[in-house]
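Student: Here's a structure for you.
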Amino acid sequence: MSDSASNAAEFTVSEISFSIKKTMEDSFGYVRVRGELGRISRPGSGHIYLDLKDDRAVLSGVIWRGVASKLKIQPEQGLEVIATGKITTFPGQSKYQMVIDALEPAGAGALMALLEERKRKLAAEGLFGEERKQLLPSLPRVIGVVTSPSGAVIRDILHRISDRFPLHVLVWPVRVQGETCGAEVANGIRGFNALPPGGPIPRPDLLIVARGGGSIEDLWGFNEEAVVRAAADSQIPLISAVGHETDWTLIDLAADVRAPTPTGAAEIAVPVKADLMAMTDDLSRRLFSGLNRLISNRRTELRAAGAALPAPRDLLALPRQRFDTAAGSLERSLIVNTRSHRSTYQNAAGRLSPFLLARVTTKARDQLDTFGERQGRALQVAVRHKRQGYAAVSDRLTPIRLKHQITIGNERLSGLSERMDRAYAIRLTKSRDRLDGLEKLLKSLSYKDVLARGYALLRDDKGQPVRSASAVSSGDALSIELADGTIDAVATSGSAGPARKAKKSATSENKKPTSQGSLF
C-alpha cells in the first residue's frame, strides 16, 4: 500500500485544477442549458454573474461585458431562459461554471410572464392612469414620427398625411428591432420634447411612435421600461402605432391614444382637408343665409314700426302751440317783474337814511369802548395772577433745594438700578434652568433617540407611520427612516402572519418541484 502511494504522480494545485478545467471543456464543449435565472450580479466591470437553477441543482454562469451589451433580452430574476455557452471551471474558487455566449427566453410563455410582471409594476406607479392622458390637437402644424427611416411604415404615414392634409413632418430615425431599439425610441421621444418652442427646428405638436407587425420578440423593444416612462412623461401628445391591431405593447398603455396601425395613426393625427373645406363652405353658406334672413326680418319689423309712428308735423304741432302761448305771455311777465323789483329797491333806499346810519354807528362805537375797558381790566388781573404764581415757584427753586432733590434722586436711581440687575440675573437663571429641563424632556420623548439605538421608523407613501404589517400591500411605496438618513423601498408582498411562519412557507415553496425537466 505504501509502495503504490509512493509511486503515484504528484501534481501541484494549479496543475490539477487546470487539468480538470481542460477535461471539462473537452468533454462538454458548447451546450444549451434551460433553467430559471436566480441571483444576478452586475459589478462595475460590465460583466454579468448569474445562477441558472431548476428544482434540483444550481449552475453558476458568467456573461462577459462584450456579450452582455449585445443581448436582446436583459436577464431578470425569475425569467426562464435557454443559455448557450461552454462549461468550464474557475480554479480560483474550485468551482465549475458556464460562460454564456447567448441568452434567449424559453418560449413566449416566459416573455409573457415577464411582460405581465412589468405591466403590474408600471401600473402600480400610475403610468397607465387615464388622468395622465392628453387631448390630441385638432389640427397640428408639425408632427414628429419616431420610427425607422427606411421601412414601409414611414412611407405609409407620409403618404396618408399627404393625401389627407399635407403638413410638416419630422422623422427621428431609430431601430425598431434589436438590443438598442428601446433606448433609441426613448431617446427619440425625449429628444422631441426637448426641442424649444420657436427654435430653429420646429417643436412638434403631436408625436407618432410607429412600427410594423411582428412577433413578441420583434416588438419587445417597445415593452422596455425606458420607453414606457418616456411615453408617460412626454409633454407632447403621443399616438402609439406599434404592430397590427392584434399586437399590444406596454407603450400602447402609456400613450395618449393607441392606433391599430401606422396608417390609422396618420388618419387619427390629421383630418381630411377636403372634408374641412367642404364643411367650411357649408358653414359659410349657412352663415350668409342666416344673416340674410335676419336682415330681412329686421327690415320688416322696422317698416312695421315706422308705419305705426305719427307724422313729424303732428309730433311738433302741440309743442309749437305751447311755445306760441309762452311767447305771448312773456312780455307781460317781464313788466310785472320789473315793477315788483323797483318797489323793493325803493323801500330799501328809504330805510338807509343818514340819521339812521349815524345812530347805528354811535351804538357800535359805545359797545366797542365798553368791550375795550373790560378787556383791559381782565388783562391786568391775569398779569397779576401770573406774577404771583411765578414768585411762588421762584421761592421753591433755590440752588440748595435743587441740589438736595438731585442727590435724593441719584440715590433712588442707584438703588433701583441694583435691584433691577439682581432681578434680571435671577430671572435669567430661572429661565435658563427651565429651558434646560424642557430640552432634556424633549430629548427623552423624541423618537430620534430610539432610532439611534438601532431601530427604524417605517412610513407609507403619505408620510404616515405604519403601525401594523397588515396595513402594507404588495407594491406599496414605503420610506424607512434610520438614525442617519431615509431609505425608499417598495413592499414585495403583504404580511398576513408571523415572520417565522412566512419564512417557513417561502422555504417550502422553493422546495416544491416544478413541471420543468432537465435537458440531460
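Order determines the names: the first chain of the C-alpha cells is A, the second B, and so forth; residues in each chain are numbered 1 upward, and ligands are numbered 1 upward as they are shown.
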Which neighbours of range 33-41 of chain A fall inside 10 Å, counting only C-alpha atoms, when residues of the same chain fewer than 2 positions from it are skipped, and could you give them as a PyMOL selection string?
Tutor: chain A and resi 30-31+43-44+46-55+57-62+75-86+98+100+103-106+110+516-520
Student: If you run DSSP on the backbone, which residues of range 315-482 of chain A are strand (DSSP E or B), as a list in words?
Tutor: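 Restricting range 315-482 of chain A to strand (DSSP E or B) produces Leu457, Leu458, Arg459, Pro465, Ala477, Leu478, Ser479, Ile480, Glu481 and Leu482 of chain A.
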Student: List the neighbours of Ala269 in chain A out to 9 Å using only C-alpha atoms; skip same-chain residues closer than 6 positions along the sequence, and give me the result as number ranges by chain.
Tutor: A: 136-140, 143, 161, 206-208, 239
Student: How would the residues just picked look written out with N, CA, C and O atoms as a PDB file, in the first residue's frame?
Tutor:
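Now in selection-v3.pdb:
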```pdb
ATOM      1  N   LEU A 136     -55.540  65.181 -28.058  1.00  0.00           N
ATOM      2  CA  LEU A 136     -54.774  65.412 -29.282  1.00  0.00           C
ATOM      3  C   LEU A 136     -55.183  66.745 -29.901  1.00  0.00           C
ATOM      4  O   LEU A 136     -56.360  67.134 -29.850  1.00  0.00           O
ATOM      5  N   PRO A 137     -54.246  67.484 -30.486  1.00  0.00           N
ATOM      6  CA  PRO A 137     -54.618  68.736 -31.170  1.00  0.00           C
ATOM      7  C   PRO A 137     -55.486  68.431 -32.392  1.00  0.00           C
ATOM      8  O   PRO A 137     -55.249  67.449 -33.105  1.00  0.00           O
ATOM      9  N   SER A 138     -56.490  69.276 -32.641  1.00  0.00           N
ATOM     10  CA  SER A 138     -57.402  69.031 -33.761  1.00  0.00           C
ATOM     11  C   SER A 138     -56.712  69.204 -35.105  1.00  0.00           C
ATOM     12  O   SER A 138     -57.009  68.491 -36.063  1.00  0.00           O
ATOM     13  N   LEU A 139     -55.768  70.123 -35.201  1.00  0.00           N
ATOM     14  CA  LEU A 139     -55.066  70.352 -36.473  1.00  0.00           C
ATOM     15  C   LEU A 139     -53.616  70.727 -36.165  1.00  0.00           C
ATOM     16  O   LEU A 139     -53.270  71.897 -36.057  1.00  0.00           O
ATOM     17  N   PRO A 140     -52.734  69.733 -35.969  1.00  0.00           N
ATOM     18  CA  PRO A 140     -51.332  70.041 -35.655  1.00  0.00           C
ATOM     19  C   PRO A 140     -50.629  70.679 -36.839  1.00  0.00           C
ATOM     20  O   PRO A 140     -50.941  70.404 -38.002  1.00  0.00           O
ATOM     21  N   ILE A 143     -45.774  67.430 -37.051  1.00  0.00           N
ATOM     22  CA  ILE A 143     -45.905  66.085 -36.481  1.00  0.00           C
ATOM     23  C   ILE A 143     -44.522  65.449 -36.431  1.00  0.00           C
ATOM     24  O   ILE A 143     -43.779  65.460 -37.414  1.00  0.00           O
ATOM     25  N   ILE A 161     -50.690  61.147 -44.698  1.00  0.00           N
ATOM     26  CA  ILE A 161     -50.762  62.560 -44.296  1.00  0.00           C
ATOM     27  C   ILE A 161     -50.823  63.455 -45.524  1.00  0.00           C
ATOM     28  O   ILE A 161     -51.571  64.442 -45.552  1.00  0.00           O
ATOM     29  N   LEU A 206     -47.538  67.038 -32.144  1.00  0.00           N
ATOM     30  CA  LEU A 206     -48.030  65.676 -31.963  1.00  0.00           C
ATOM     31  C   LEU A 206     -46.910  64.703 -32.313  1.00  0.00           C
ATOM     32  O   LEU A 206     -46.140  64.950 -33.240  1.00  0.00           O
ATOM     33  N   LEU A 207     -46.820  63.602 -31.540  1.00  0.00           N
ATOM     34  CA  LEU A 207     -45.814  62.568 -31.799  1.00  0.00           C
ATOM     35  C   LEU A 207     -46.508  61.266 -32.194  1.00  0.00           C
ATOM     36  O   LEU A 207     -47.580  60.936 -31.668  1.00  0.00           O
ATOM     37  N   ILE A 208     -45.865  60.533 -33.117  1.00  0.00           N
ATOM     38  CA  ILE A 208     -46.317  59.196 -33.512  1.00  0.00           C
ATOM     39  C   ILE A 208     -45.128  58.250 -33.371  1.00  0.00           C
ATOM     40  O   ILE A 208     -44.065  58.494 -33.951  1.00  0.00           O
ATOM     41  N   ILE A 239     -49.207  59.342 -29.999  1.00  0.00           N
ATOM     42  CA  ILE A 239     -50.002  58.248 -30.552  1.00  0.00           C
ATOM     43  C   ILE A 239     -49.082  57.041 -30.718  1.00  0.00           C
ATOM     44  O   ILE A 239     -48.015  57.143 -31.320  1.00  0.00           O
TER      45      ILE A 239
END
```
